[in-house]
Structure formats: structure tokens, C-alpha cells
$ cat input_12.tsv   # TSV, C-alpha atoms
chain	number	residue	atom	x	y	z
A	1	MET	CA	88.56	-29.13	153.69
A	2	ALA	CA	88.36	-30.73	157.16
A	3	THR	CA	90.36	-33.90	157.75
A	4	GLN	CA	88.19	-36.95	158.37
A	5	LYS	CA	88.29	-38.25	161.94
A	6	THR	CA	90.01	-41.61	162.30
A	7	ALA	CA	89.00	-44.48	164.59
A	8	LEU	CA	90.89	-47.65	165.43
A	9	VAL	CA	88.88	-50.63	166.74
A	10	LEU	CA	90.52	-53.64	168.34
A	11	GLY	CA	88.42	-56.76	167.82
A	12	ALA	CA	86.05	-57.88	165.08
A	13	GLY	CA	83.55	-59.67	167.26
A	14	ILE	CA	80.03	-58.32	167.43
A	15	MET	CA	81.01	-55.39	169.70
A	16	GLY	CA	83.88	-54.26	167.51
A	17	LEU	CA	81.91	-54.66	164.29
A	18	CYS	CA	78.83	-52.85	165.57
A	19	THR	CA	80.98	-50.03	166.92
A	20	ALA	CA	82.81	-49.79	163.58
A	21	TRP	CA	79.41	-49.67	161.84
A	22	ALA	CA	78.13	-46.92	164.14
A	23	LEU	CA	81.34	-44.86	163.84
A	24	ALA	CA	81.43	-45.19	160.05
A	25	ARG	CA	77.77	-44.16	159.97
A	26	ALA	CA	78.72	-41.07	162.01
A	27	GLY	CA	81.43	-40.09	159.54
A	28	TRP	CA	84.57	-41.64	161.02
A	29	GLN	CA	87.25	-43.31	158.91
A	30	VAL	CA	87.55	-46.70	160.63
A	31	ARG	CA	90.24	-49.37	160.81
A	32	VAL	CA	89.54	-52.69	162.58
A	33	VAL	CA	92.39	-54.87	163.85
A	34	GLU	CA	91.56	-58.54	164.41
A	35	GLN	CA	93.91	-61.41	165.21
A	36	ALA	CA	92.35	-63.89	162.77
A	37	PRO	CA	90.24	-64.00	159.61
A	38	ILE	CA	86.63	-62.96	160.15
A	39	PRO	CA	84.49	-64.57	161.45
A	40	ASN	CA	87.16	-65.71	163.92
A	41	PRO	CA	85.98	-69.18	165.04
A	42	ARG	CA	87.65	-68.64	168.43
A	43	GLY	CA	85.83	-65.37	169.06
A	44	ALA	CA	83.17	-64.98	171.74
A	45	SER	CA	80.62	-63.86	169.13
A	46	VAL	CA	81.06	-66.65	166.61
A	47	ASP	CA	78.51	-69.38	167.18
A	48	GLN	CA	75.27	-70.36	165.49
A	49	HIS	CA	73.06	-68.56	168.00
A	50	ARG	CA	72.70	-65.82	170.54
A	51	LEU	CA	69.45	-64.93	172.33
A	52	ILE	CA	67.43	-61.77	172.80
A	53	ARG	CA	64.76	-61.55	175.52
A	54	HIS	CA	63.35	-59.13	178.08
A	55	ALA	CA	63.55	-61.44	181.11
A	56	TYR	CA	66.49	-60.24	183.21
A	57	GLY	CA	65.81	-61.11	186.82
A	58	ALA	CA	66.20	-58.08	189.06
A	59	GLN	CA	68.34	-56.25	186.46
A	60	ALA	CA	65.52	-54.01	185.28
A	61	GLY	CA	67.95	-51.66	183.55
A	62	TYR	CA	68.88	-54.34	181.04
A	63	MET	CA	65.25	-55.36	180.63
A	64	ARG	CA	64.51	-51.74	179.64
A	65	MET	CA	67.40	-51.71	177.17
A	66	VAL	CA	65.91	-54.59	175.16
A	67	ASP	CA	63.31	-52.53	173.27
A	68	PRO	CA	65.97	-50.02	172.13
A	69	ALA	CA	68.15	-53.01	171.26
A	70	TYR	CA	65.42	-54.36	168.98
A	71	ALA	CA	65.23	-50.94	167.32
A	72	ALA	CA	69.01	-50.95	166.79
A	73	TRP	CA	68.82	-54.43	165.25
A	74	GLU	CA	66.19	-53.11	162.83
A	75	MET	CA	68.83	-50.62	161.66
A	76	ILE	CA	71.27	-53.53	161.15
A	77	TRP	CA	68.71	-55.53	159.16
A	78	ALA	CA	68.07	-52.50	156.96
A	79	THR	CA	71.82	-52.08	156.50
A	80	LEU	CA	72.36	-55.73	155.55
A	81	GLY	CA	69.18	-56.11	153.52
A	82	THR	CA	68.31	-59.30	155.39
A	83	ARG	CA	67.06	-60.33	158.82
A	84	HIS	CA	69.21	-62.80	160.78
A	85	HIS	CA	66.69	-63.21	163.59
A	86	VAL	CA	64.00	-65.79	164.34
A	87	GLU	CA	61.26	-64.94	166.82
A	88	THR	CA	60.63	-67.92	169.11
A	89	GLY	CA	59.25	-66.56	172.36
A	90	VAL	CA	60.58	-67.56	175.77
A	91	LEU	CA	59.82	-70.40	178.19
A	92	ALA	CA	61.31	-70.02	181.66
A	93	LEU	CA	61.14	-72.83	184.22
A	94	ALA	CA	62.44	-73.13	187.76
A	95	ASN	CA	62.61	-75.91	190.32
A	96	HIS	CA	62.16	-73.42	193.16
A	97	GLN	CA	60.06	-70.40	194.07
A	98	GLY	CA	61.71	-67.00	194.18
A	99	GLY	CA	65.07	-66.19	192.67
A	100	TRP	CA	65.69	-65.11	189.07
A	101	LEU	CA	62.36	-66.31	187.68
A	102	ALA	CA	60.27	-64.52	190.32
A	103	GLU	CA	62.38	-61.36	189.98
A	104	SER	CA	61.96	-61.44	186.21
A	105	ARG	CA	58.22	-61.94	186.46
A	106	ALA	CA	57.83	-59.00	188.85
A	107	ALA	CA	59.96	-56.67	186.74
A	108	LEU	CA	58.24	-57.68	183.49
A	109	ARG	CA	54.78	-57.09	184.90
A	110	THR	CA	55.78	-53.76	186.39
A	111	ASP	CA	56.81	-52.58	182.93
A	112	GLY	CA	53.76	-54.01	181.18
A	113	HIS	CA	55.29	-57.00	179.39
A	114	ALA	CA	52.93	-59.90	178.75
A	115	CYS	CA	54.02	-62.77	180.98
A	116	ALA	CA	51.80	-65.86	181.17
A	117	GLU	CA	52.25	-68.39	183.96
A	118	LEU	CA	52.04	-72.09	183.16
A	119	SER	CA	51.13	-75.03	185.36
A	120	PRO	CA	53.13	-78.27	185.10
A	121	ASP	CA	50.24	-79.88	183.21
A	122	GLN	CA	50.16	-77.02	180.71
A	123	ILE	CA	53.86	-77.46	180.11
A	124	THR	CA	53.37	-81.14	179.27
A	125	ALA	CA	50.48	-80.34	176.95
A	126	ARG	CA	52.28	-77.58	175.04
A	127	PHE	CA	55.80	-78.99	175.05
A	128	PRO	CA	55.62	-82.80	174.83
A	129	MET	CA	59.41	-83.17	174.69
A	130	LEU	CA	59.77	-81.73	178.20
A	131	SER	CA	59.21	-83.43	181.55
A	132	ASN	CA	57.30	-81.35	184.10
A	133	THR	CA	58.89	-83.14	187.05
A	134	GLY	CA	60.12	-80.80	189.76
A	135	ILE	CA	58.86	-77.58	188.18
A	136	ALA	CA	57.82	-75.09	190.86
A	137	ALA	CA	57.24	-72.06	188.61
A	138	ALA	CA	57.06	-71.32	184.89
A	139	PHE	CA	56.13	-68.52	182.53
A	140	THR	CA	56.14	-67.74	178.83
A	141	LEU	CA	56.82	-64.51	176.97
A	142	PRO	CA	55.65	-64.03	173.39
A	143	ARG	CA	58.61	-61.85	172.43
A	144	GLY	CA	62.16	-63.13	172.35
A	145	GLY	CA	64.18	-65.01	169.85
A	146	VAL	CA	67.36	-66.26	168.26
A	147	LEU	CA	69.99	-64.03	166.69
A	148	LEU	CA	71.92	-66.01	164.07
A	149	ALA	CA	75.31	-64.94	165.32
A	150	GLU	CA	77.74	-66.33	162.73
A	151	ARG	CA	75.62	-65.01	159.88
A	152	ILE	CA	75.41	-61.58	161.51
A	153	VAL	CA	79.17	-61.33	162.07
A	154	ALA	CA	80.00	-62.47	158.53
A	155	GLY	CA	77.37	-60.25	156.93
A	156	LEU	CA	78.28	-57.15	158.91
A	157	ALA	CA	82.00	-57.57	158.24
A	158	ALA	CA	81.35	-57.90	154.49
A	159	HIS	CA	79.14	-54.81	154.53
A	160	LEU	CA	81.78	-52.76	156.35
A	161	VAL	CA	84.44	-53.77	153.83
A	162	ALA	CA	82.14	-52.63	151.03
A	163	GLN	CA	81.66	-49.31	152.85
A	164	GLY	CA	85.40	-48.66	153.05
A	165	VAL	CA	86.19	-49.80	156.58
A	166	VAL	CA	89.74	-51.18	156.61
A	167	PHE	CA	90.38	-54.57	158.22
A	168	GLU	CA	93.85	-55.66	159.28
A	169	THR	CA	94.72	-59.15	160.48
A	170	ALA	CA	97.41	-58.81	163.16
A	171	GLU	CA	98.30	-59.95	166.66
A	172	VAL	CA	98.25	-57.12	169.19
A	173	ALA	CA	100.90	-57.13	171.91
A	174	ALA	CA	99.67	-54.12	173.89
A	175	ALA	CA	97.02	-51.44	174.02
A	176	LEU	CA	98.25	-47.95	174.94
A	177	PRO	CA	95.13	-45.92	175.80
A	178	ALA	CA	96.90	-42.66	176.65
A	179	ARG	CA	98.42	-42.63	173.16
A	180	LYS	CA	95.32	-44.04	171.40
A	181	THR	CA	97.66	-46.66	170.01
A	182	LEU	CA	97.90	-50.41	169.45
A	183	ARG	CA	101.33	-52.02	169.45
A	184	LEU	CA	101.36	-55.07	167.19
A	185	ALA	CA	103.28	-58.26	167.89
A	186	ASN	CA	105.74	-57.37	165.11
A	187	GLY	CA	106.57	-54.07	166.80
A	188	ALA	CA	104.61	-51.83	164.46
A	189	GLU	CA	102.09	-49.39	165.89
A	190	ARG	CA	98.66	-48.22	164.78
A	191	SER	CA	97.17	-44.96	166.09
A	192	ALA	CA	94.04	-42.89	165.49
A	193	ASP	CA	91.98	-40.01	166.85
A	194	LEU	CA	89.82	-42.56	168.67
A	195	LEU	CA	90.74	-46.00	170.02
A	196	VAL	CA	88.13	-48.62	170.93
A	197	LEU	CA	89.23	-51.76	172.78
A	198	ALA	CA	86.72	-54.56	172.19
A	199	ALA	CA	88.96	-57.62	172.51
A	200	GLY	CA	86.49	-59.92	174.29
A	201	PRO	CA	88.10	-62.62	176.47
A	202	TRP	CA	91.56	-61.48	175.32
A	203	GLY	CA	90.96	-57.99	176.72
A	204	PRO	CA	91.83	-58.60	180.38
A	205	ARG	CA	95.41	-59.64	179.53
A	206	LEU	CA	96.19	-56.62	177.36
A	207	LEU	CA	98.27	-54.01	179.16
A	208	GLY	CA	96.65	-50.68	179.79
A	209	THR	CA	93.01	-51.69	179.40
A	210	GLY	CA	92.24	-51.24	183.08
A	211	LEU	CA	90.44	-54.59	183.26
A	212	ALA	CA	92.70	-56.43	185.69
A	213	GLY	CA	90.54	-57.80	188.51
A	214	ARG	CA	87.33	-56.56	186.87
A	215	ALA	CA	86.72	-58.92	183.95
A	216	VAL	CA	87.99	-62.46	183.54
A	217	PRO	CA	87.84	-65.03	180.73
A	218	SER	CA	85.28	-67.78	181.25
A	219	ARG	CA	85.32	-71.16	179.48
A	220	GLN	CA	81.78	-72.24	178.58
A	221	ILE	CA	80.72	-75.51	176.96
A	222	LEU	CA	78.08	-75.67	174.22
A	223	VAL	CA	76.59	-79.03	173.20
A	224	ARG	CA	74.66	-79.49	169.95
A	225	LEU	CA	72.05	-82.23	169.81
A	226	GLU	CA	69.77	-83.99	167.37
A	227	ALA	CA	66.38	-84.70	168.93
A	228	PRO	CA	64.67	-88.06	168.36
A	229	ALA	CA	62.41	-88.08	165.30
A	230	GLY	CA	59.21	-87.86	167.31
A	231	PHE	CA	60.24	-84.59	168.95
A	232	ARG	CA	61.99	-82.77	166.09
A	233	ALA	CA	58.93	-80.84	164.96
A	234	ALA	CA	58.16	-79.84	168.55
A	235	TRP	CA	61.69	-78.49	169.03
A	236	GLU	CA	61.61	-76.61	165.72
A	237	ALA	CA	58.49	-74.79	166.93
A	238	ALA	CA	59.71	-74.39	170.51
A	239	PRO	CA	60.59	-71.19	172.37
A	240	MET	CA	64.04	-70.64	173.79
A	241	LEU	CA	64.20	-72.48	177.11
A	242	LEU	CA	65.65	-71.20	180.37
A	243	ASP	CA	65.57	-74.05	182.89
A	244	LEU	CA	66.71	-72.72	186.25
A	245	ALA	CA	67.83	-74.59	189.33
A	246	GLU	CA	69.00	-73.19	192.64
A	247	ASP	CA	72.54	-74.28	191.75
A	248	GLY	CA	72.46	-73.10	188.12
A	249	GLY	CA	70.48	-74.94	185.45
A	250	PHE	CA	70.74	-74.93	181.67
A	251	TYR	CA	69.42	-73.17	178.61
A	252	ALA	CA	68.29	-74.62	175.27
A	253	VAL	CA	68.18	-72.91	171.88
A	254	PRO	CA	65.71	-74.46	169.43
A	255	PRO	CA	66.94	-75.64	165.99
A	256	VAL	CA	65.84	-72.69	163.87
A	257	ALA	CA	66.87	-71.66	160.34
A	258	GLY	CA	68.93	-74.80	159.74
A	259	THR	CA	70.87	-74.66	163.02
A	260	ALA	CA	71.15	-77.39	165.65
A	261	LEU	CA	69.42	-77.73	169.00
A	262	LYS	CA	71.94	-76.36	171.49
A	263	ILE	CA	72.23	-76.60	175.27
A	264	GLY	CA	74.60	-74.90	177.67
A	265	ASP	CA	75.22	-74.06	181.31
A	266	HIS	CA	73.78	-70.92	182.96
A	267	ARG	CA	76.79	-70.75	185.28
A	268	PHE	CA	80.12	-69.12	184.40
A	269	SER	CA	83.32	-71.07	184.98
A	270	ARG	CA	85.39	-67.83	185.27
A	271	GLN	CA	88.53	-69.69	184.32
A	272	GLY	CA	90.62	-70.63	181.31
A	273	ASP	CA	92.81	-68.99	178.69
A	274	ALA	CA	91.04	-67.98	175.48
A	275	GLY	CA	94.29	-67.95	173.54
A	276	ALA	CA	95.97	-71.14	174.69
A	277	ASP	CA	93.24	-73.62	175.67
A	278	PRO	CA	91.88	-76.18	173.20
A	279	ARG	CA	88.34	-75.46	172.03
A	280	ALA	CA	87.27	-79.08	171.81
A	281	ALA	CA	85.09	-80.02	174.78
A	282	THR	CA	86.30	-82.93	176.88
A	283	PRO	CA	84.05	-85.94	177.53
A	284	SER	CA	83.64	-84.85	181.16
A	285	GLU	CA	82.65	-81.33	180.11
A	286	ILE	CA	80.04	-82.71	177.70
A	287	GLU	CA	78.68	-85.05	180.35
A	288	GLU	CA	78.33	-82.17	182.83
A	289	ILE	CA	76.07	-80.28	180.40
A	290	LEU	CA	74.05	-83.37	179.47
A	291	ALA	CA	73.52	-84.16	183.15
A	292	LEU	CA	71.89	-80.75	183.61
A	293	ALA	CA	69.46	-81.35	180.73
A	294	ARG	CA	68.56	-85.04	181.07
A	295	PRO	CA	65.98	-84.62	183.86
A	296	ARG	CA	64.02	-82.19	181.67
A	297	LEU	CA	64.14	-84.15	178.39
A	298	ILE	CA	61.65	-86.93	177.71
A	299	ASN	CA	63.56	-89.92	176.28
A	300	ALA	CA	66.82	-88.12	176.96
A	301	GLU	CA	68.81	-91.21	176.01
A	302	SER	CA	67.50	-90.89	172.43
A	303	TYR	CA	69.14	-87.52	171.80
A	304	ARG	CA	72.30	-87.72	169.69
A	305	VAL	CA	75.29	-85.48	170.38
A	306	LEU	CA	76.30	-83.76	167.14
A	307	GLY	CA	79.23	-81.87	168.59
A	308	ALA	CA	80.48	-79.82	171.49
A	309	GLN	CA	82.95	-77.02	171.91
A	310	ALA	CA	84.23	-74.43	174.32
A	311	CYS	CA	83.40	-70.77	173.89
A	312	TYR	CA	85.12	-68.04	175.90
A	313	TYR	CA	83.36	-64.99	177.31
A	314	ASP	CA	84.71	-62.06	179.31
A	315	VAL	CA	82.75	-61.87	182.55
A	316	GLU	CA	82.42	-59.07	185.10
A	317	ASP	CA	81.63	-60.15	188.68
A	318	ARG	CA	78.13	-58.59	188.72
A	319	GLU	CA	77.56	-59.41	185.04
A	320	GLU	CA	77.50	-55.70	184.27
A	321	PHE	CA	78.92	-54.37	181.03
A	322	ILE	CA	82.08	-52.27	181.09
A	323	LEU	CA	81.83	-49.43	178.57
A	324	GLU	CA	83.91	-46.48	179.62
A	325	ALA	CA	86.69	-44.08	178.70
A	326	ALA	CA	90.08	-45.52	179.69
A	327	ALA	CA	91.77	-42.25	178.67
A	328	PRO	CA	90.75	-39.25	176.56
A	329	GLY	CA	89.92	-40.63	173.13
A	330	CYS	CA	89.98	-44.29	174.22
A	331	PHE	CA	87.02	-46.47	175.18
A	332	VAL	CA	87.01	-49.97	176.66
A	333	MET	CA	84.19	-52.44	175.92
A	334	SER	CA	84.25	-55.59	178.07
A	335	GLY	CA	82.43	-57.83	180.53
A	336	PHE	CA	79.68	-58.86	178.11
A	337	SER	CA	79.50	-62.51	179.27
A	338	GLY	CA	76.90	-64.47	177.33
A	339	HIS	CA	74.27	-61.74	177.22
A	340	GLY	CA	76.01	-58.78	175.57
A	341	PHE	CA	75.48	-59.86	171.95
A	342	LYS	CA	71.84	-58.72	171.91
A	343	PHE	CA	72.88	-55.17	172.82
A	344	ALA	CA	75.85	-54.77	170.46
A	345	PRO	CA	74.27	-52.42	167.86
A	346	LEU	CA	72.76	-50.34	170.66
A	347	LEU	CA	76.08	-50.08	172.51
A	348	GLY	CA	77.91	-49.24	169.30
A	349	LEU	CA	75.50	-46.38	168.55
A	350	ALA	CA	75.84	-45.07	172.11
A	351	LEU	CA	79.64	-45.16	171.96
A	352	ALA	CA	79.62	-43.30	168.64
A	353	ALA	CA	77.43	-40.61	170.22
A	354	ALA	CA	79.72	-40.36	173.26
A	355	ALA	CA	82.95	-40.29	171.26
A	356	GLU	CA	82.78	-36.53	170.76
A	357	ASP	CA	80.63	-35.53	173.73
A	358	ASN	CA	82.29	-35.53	177.15
A	359	ALA	CA	78.99	-35.37	179.02
A	360	LEU	CA	77.70	-38.45	177.20
A	361	ALA	CA	81.03	-40.21	177.77
A	362	ARG	CA	80.64	-39.66	181.51
A	363	ALA	CA	77.07	-40.99	181.41
A	364	LEU	CA	77.97	-44.04	179.36
A	365	PRO	CA	79.32	-46.39	182.12
A	366	GLY	CA	76.28	-46.22	184.41
A	367	TRP	CA	73.84	-46.79	181.58
A	368	ALA	CA	75.87	-49.67	180.07
A	369	ALA	CA	76.05	-51.29	183.51
A	370	GLY	CA	72.24	-51.33	183.61
A	371	ARG	CA	72.02	-48.90	186.51
A	372	ASP	CA	71.04	-45.59	184.87
A	373	ALA	CA	68.56	-44.39	182.28
A	374	PRO	CA	70.17	-43.21	179.04
A	375	ALA	CA	71.31	-39.59	179.09
A	376	PRO	CA	69.54	-37.28	176.62
A	377	GLY	CA	71.26	-37.64	173.27
A	378	LEU	CA	72.91	-40.97	173.99
A	379	LEU	CA	70.47	-42.84	171.76
A	380	ALA	CA	69.87	-40.00	169.32
A	381	ALA	CA	70.61	-42.29	166.37
A	382	LEU	CA	67.53	-44.35	167.26
A	383	GLU	CA	65.38	-41.31	167.90
A	384	SER	CA	66.20	-39.89	164.46
A	385	THR	CA	65.50	-43.15	162.61
A	386	PRO	CA	62.13	-43.21	160.82
$ encode --input "input_12.tsv" --output "C-alpha cells"
Amino acid sequence: MATQKTALVLGAGIMGLCTAWALARAGWQVRVVEQAPIPNPRGASVDQHRLIRHAYGAQAGYMRMVDPAYAAWEMIWATLGTRHHVETGVLALANHQGGWLAESRAALRTDGHACAELSPDQITARFPMLSNTGIAAAFTLPRGGVLLAERIVAGLAAHLVAQGVVFETAEVAAALPARKTLRLANGAERSADLLVLAAGPWGPRLLGTGLAGRAVPSRQILVRLEAPAGFRAAWEAAPMLLDLAEDGGFYAVPPVAGTALKIGDHRFSRQGDAGADPRAATPSEIEEILALARPRLINAESYRVLGAQACYYDVEDREEFILEAAAPGCFVMSGFSGHGFKFAPLLGLALAAAAEDNALARALPGWAAGRDAPAPGLLAALESTP
């Protein structure tokens, strides 16, 4: 009888969990090592929301990955027996012509995605909680929505435990790709036939991952708000909002499925230490986010701050995902910034396909970076799903 293949996954954020799911589905015996109980509240994946949308500026490769990503999420919902996703649609605004919004609109239309432009007056009529002052361009998309991140991470971890995936809580001192080994802080080692490094913002500091100078931790502030009573129903029915300015702008996630209205900064700080820094947001950090949103919110002074915290991402300079072989039998997953969550099941399935196919492993980096079309066979798990 053949010995079952073993896989060792570092990190139980959404990338690690989805990769463990895909590998277990493909017949691997999987162990996941995570530094804290799951869901780890300090992890990049653990928050109320993450977003899924087709609008991607000039990065058409990622725009074209969104439909396969939706198909991969359908596999997750079938696995979990529940759907942790709320369709909201998308509203994108900009205070200038050109740039990300114009690039998104052109790419979306080229690929046949419905994209309806709005005038400032139409914005006021449809979204009474928003000021139309200074808007130079706007569009809506009917498809796009909120992924309920904390619920997904908790549900997927529980499912994997029930399926026999082993979880170990341990600090990792070093990753040794050539040996397909993790060295734990207590000196013990864990090895397998396949090693996957999906350590999020902790990844760049781990020896041997090959991330030095390519991906950096980035401290990002999230502020949760309660809208004034007169606007609560409007926000509950609102699309996700991308409000773009030439120097950055902010995003807003509507309060769906019992979550809070959330706002954050489009820009990446590209600084901080995910392990050592406090996660409480400072008053000045909160004020910086509120200052971005106030000009767009009618009666902004009536919004109540419910809480604020720092989240850490791992960010690659061009905001391209790093998914590649660091050594034979070892893959690195990094650089997912704030937009990788939506692709996690898709990336996990692709890695599982590439784990035993050298040609697919070589094709994986260009596709994951949004530059190349998927190689034949890379997404076979989706193609074979009824």
C-alpha cells in the first residue's frame, strides 16, 4: 500500500487554510502550524470583512481571476454547508479623471462586465448618506460583495479538523525550504514531503523564505462606525464604496449580516512589526482615517466610532502576489496585501495542482502575479466541478 503524501503548512490565515483544504482534497495528509489559537486575532485574515469585486484598475489579470475565484468560493460554501458572503455591488467614486477608476472602467468594458456611470446628482438620489461634492467620475457594478472573513476562517478551520487535518500551535523560529522543514522556537523540527509557507506579515522575517526586499509588513488602520439613525437603513442596503483621490482615498464596507460599517485607507503604510506592535489604533491614526471619510459623509459629525484597530498585511511593491517554489517541494505564498483574501481558495487549488507537476509549478508565479493566463491544468479542480 502506498504511503500517503504529507504536507506541512505554516500559517492558518485564509491562505494557509485554503491551501490545507485543497491539499487534503487532493489526498495529502496535512499538518498546519500556527502561532496562536485559530482564528488568530492578530492575523491578516481575521477581521469582520474582506471584499470581492472585479474592478482592478489596469491589472486585468486579477480582474479575470475573479470569476474563477467566485467558482472556488462556491466549492468552499458547499464544503462548509453555509455561505459567508453577502452580495452588495460596488460603487466607485473619484475626485479626478483618469487613474484607477478610468483604467478599471476600460478593462471592465473590454471584458463585457456591466459598468454603469453615475452623475453627481444620481449619486445623491441613490445614496442620500453621501455628499457628491468634488466627484469627477463614478460607476457602479452589480456584482461584488462582502466576504465574512472571521466566520470563514473559523468555519474552515473547524471543517479541516473534522476531516483529519492536524493543527499545532507553536512559534516558528525558522523556515528551511531546502529541507522542507520548520524549526520551532523550542528547537523541535517538523518536516514533510511538501512545505507551504503562508505566514502573512510574519513571512518576510523568517529565514530562508526568499522574501527579503520583496514583501514588507504594512500597518493598516480599520475604523468601525455607527451611522446616525436616519442613514442606517441606507448603509445596510449600500454597495461597497471605493472613494478614490489622487493622493489615496478611502474604502467603506457596509454593515451587512450583523457587522459594523467599516472604513479604511486605500494606501499602504509599508511599515511596522506585526509581532511586536500594539494593535490598538492611536487617536492620531483614527483621526487620519476619519479625515479621509468626512468630506464624503453627510452629517459626518453624527457618526459614532465603535472601535478601531491595526491590521497587518504583507505587501509586494507592485501589489502582485508571490506564489512560487522556494526549493523543490517548498512553496512560498506572500504579498497578498488587502486584496488577496478573495482569491485564497483559487490559489490553494492552483498550488495543490502544481505541487506534483513541475510544469504547473513553473507557470504558477506569472499567473499568481496577474500577468499570465492560467496554464492548462492549473485550475483543473474547477473545471471538474459540476
$ closest_residue --input "input_12.tsv" --among "A:Ala237, A:Ala227, A:Ala215, A:Pro41" --to "Glu87 of chain A" --atoms "all atoms listed in the file"
A:Ala237
$ residues_around --input "input_12.tsv" --residues "Leu80 of chain A" --least-positions-apart "6" --cutoff "8 Å" --atoms "all atoms listed in the file" --output "list in words"
Gly155, Leu156 and His159 of chain A
$ closest_atom_pairs --input "input_12.tsv" --of "segment 278-326 of chain A" --to "segment 218-224 of chain A" --cutoff "9 Å" --atoms "all atoms listed in the file" --output "tab-separated table"
residue	atom	partner	partner_atom	distance
A:Ala281	CA	A:Ile221	CA	6.6
A:Glu285	CA	A:Ile221	CA	6.9
A:Ile286	CA	A:Val223	CA	6.8
A:Ile289	CA	A:Val223	CA	7.3
A:Leu290	CA	A:Val223	CA	8.0
A:Arg304	CA	A:Arg224	CA	8.6
A:Val305	CA	A:Arg224	CA	6.0
A:Leu306	CA	A:Arg224	CA	5.4
A:Gly307	CA	A:Arg224	CA	5.3
A:Ala308	CA	A:Val223	CA	4.3
A:Gln309	CA	A:Leu222	CA	5.6
A:Ala310	CA	A:Ile221	CA	4.5
A:Cys311	CA	A:Gln220	CA	5.2
A:Tyr312	CA	A:Arg219	CA	4.8
A:Tyr313	CA	A:Ser218	CA	5.2
A:Asp314	CA	A:Ser218	CA	6.1
A:Val315	CA	A:Ser218	CA	6.6
$ residues_around --input "input_12.tsv" --residues "His266 of chain A" --least-positions-apart "6" --cutoff "10 Å" --atoms "all atoms listed in the file" --output "ChimeraX atom specification"
/A:220,242-245,247-251,289,338
$ write_last_selection --input "input_12.tsv" --atoms "C-alpha atoms" --output "JSON list (two decimals), in the frame of the given file"
[["chain", "number", "residue", "atom", "x", "y", "z"],
["A", 220, "GLN", "CA", 81.78, -72.24, 178.58],
["A", 242, "LEU", "CA", 65.65, -71.20, 180.37],
["A", 243, "ASP", "CA", 65.57, -74.05, 182.89],
["A", 244, "LEU", "CA", 66.71, -72.72, 186.25],
["A", 245, "ALA", "CA", 67.83, -74.59, 189.33],
["A", 247, "ASP", "CA", 72.54, -74.28, 191.75],
["A", 248, "GLY", "CA", 72.46, -73.10, 188.12],
["A", 249, "GLY", "CA", 70.48, -74.94, 185.45],
["A", 250, "PHE", "CA", 70.74, -74.93, 181.67],
["A", 251, "TYR", "CA", 69.42, -73.17, 178.61],
["A", 289, "ILE", "CA", 76.07, -80.28, 180.40],
["A", 338, "GLY", "CA", 76.90, -64.47, 177.33]]
$ residues_around --input "input_12.tsv" --residues "Ala326 of chain A" --least-positions-apart "6" --cutoff "12 Å" --atoms "all atoms listed in the file" --output "tab-separated table (two decimals) with C-alpha atoms, keeping the file's coordinate frame"
chain	number	residue	atom	x	y	z
A	175	ALA	CA	97.02	-51.44	174.02
A	176	LEU	CA	98.25	-47.95	174.94
A	177	PRO	CA	95.13	-45.92	175.80
A	178	ALA	CA	96.90	-42.66	176.65
A	179	ARG	CA	98.42	-42.63	173.16
A	180	LYS	CA	95.32	-44.04	171.40
A	194	LEU	CA	89.82	-42.56	168.67
A	195	LEU	CA	90.74	-46.00	170.02
A	196	VAL	CA	88.13	-48.62	170.93
A	197	LEU	CA	89.23	-51.76	172.78
A	207	LEU	CA	98.27	-54.01	179.16
A	208	GLY	CA	96.65	-50.68	179.79
A	209	THR	CA	93.01	-51.69	179.40
A	210	GLY	CA	92.24	-51.24	183.08
A	211	LEU	CA	90.44	-54.59	183.26
A	332	VAL	CA	87.01	-49.97	176.66
A	333	MET	CA	84.19	-52.44	175.92
A	334	SER	CA	84.25	-55.59	178.07
A	361	ALA	CA	81.03	-40.21	177.77
A	362	ARG	CA	80.64	-39.66	181.51
A	365	PRO	CA	79.32	-46.39	182.12
$ residues_near_point --input "input_12.tsv" --point "(89.2, -36.6, 164.2)" --cutoff "12 Å" --atoms "only C-alpha atoms" --output "list in words"
Ala2, Thr3, Gln4, Lys5, Thr6, Ala7, Leu8, Leu23, Ala26, Gly27, Trp28, Gln29, Val30, Ser191, Ala192, Asp193, Leu194, Leu195, Gly329, Ala355 and Glu356 of chain A
$ closest_residue --input "input_12.tsv" --among "A:Ala368, A:Ala350, A:Leu147, A:Ala157" --to "Thr88 of chain A" --atoms "all atoms listed in the file"
A:Leu147
$ atom_distance --input "input_12.tsv" --atom1 "atom CA of Gly264 of chain A" --atom2 "atom CA of Ala276 of chain A"
21.9 Å
$ residues_around --input "input_12.tsv" --residues "Trp235 of chain A" --least-positions-apart "3" --cutoff "6 Å" --atoms "only C-alpha atoms" --output "list in words"
Arg232, Ala238 and Pro254 of chain A
$ atom_distance --input "input_12.tsv" --atom1 "atom CA of Gln59 of chain A" --atom2 "atom CA of Asn132 of chain A"
27.5 Å
$ closest_residue --input "input_12.tsv" --among "A:Ile76, A:Ala60, A:Ala353, A:Val86" --to "Trp100 of chain A" --atoms "all atoms listed in the file"
A:Ala60
$ axis_aligned_box --input "input_12.tsv" --around "segment 365-370 of chain A" --padding-each-side "6 Å" --output "AutoDock Vina command-line options"
--center_x 75.8 --center_y -48.8 --center_z 182.2 --size_x 19.1 --size_y 17.1 --size_z 16.3
$ closest_residue --input "input_12.tsv" --among "A:Ile263, A:Leu91, A:Val66, A:Ala44" --to "Leu241 of chain A" --atoms "only C-alpha atoms"
A:Leu91
$ residues_around --input "input_12.tsv" --residues "Leu206 of chain A" --least-positions-apart "2" --cutoff "6 Å" --atoms "all atoms listed in the file" --output "PyMOL selection string"
chain A and resi 174+203-204
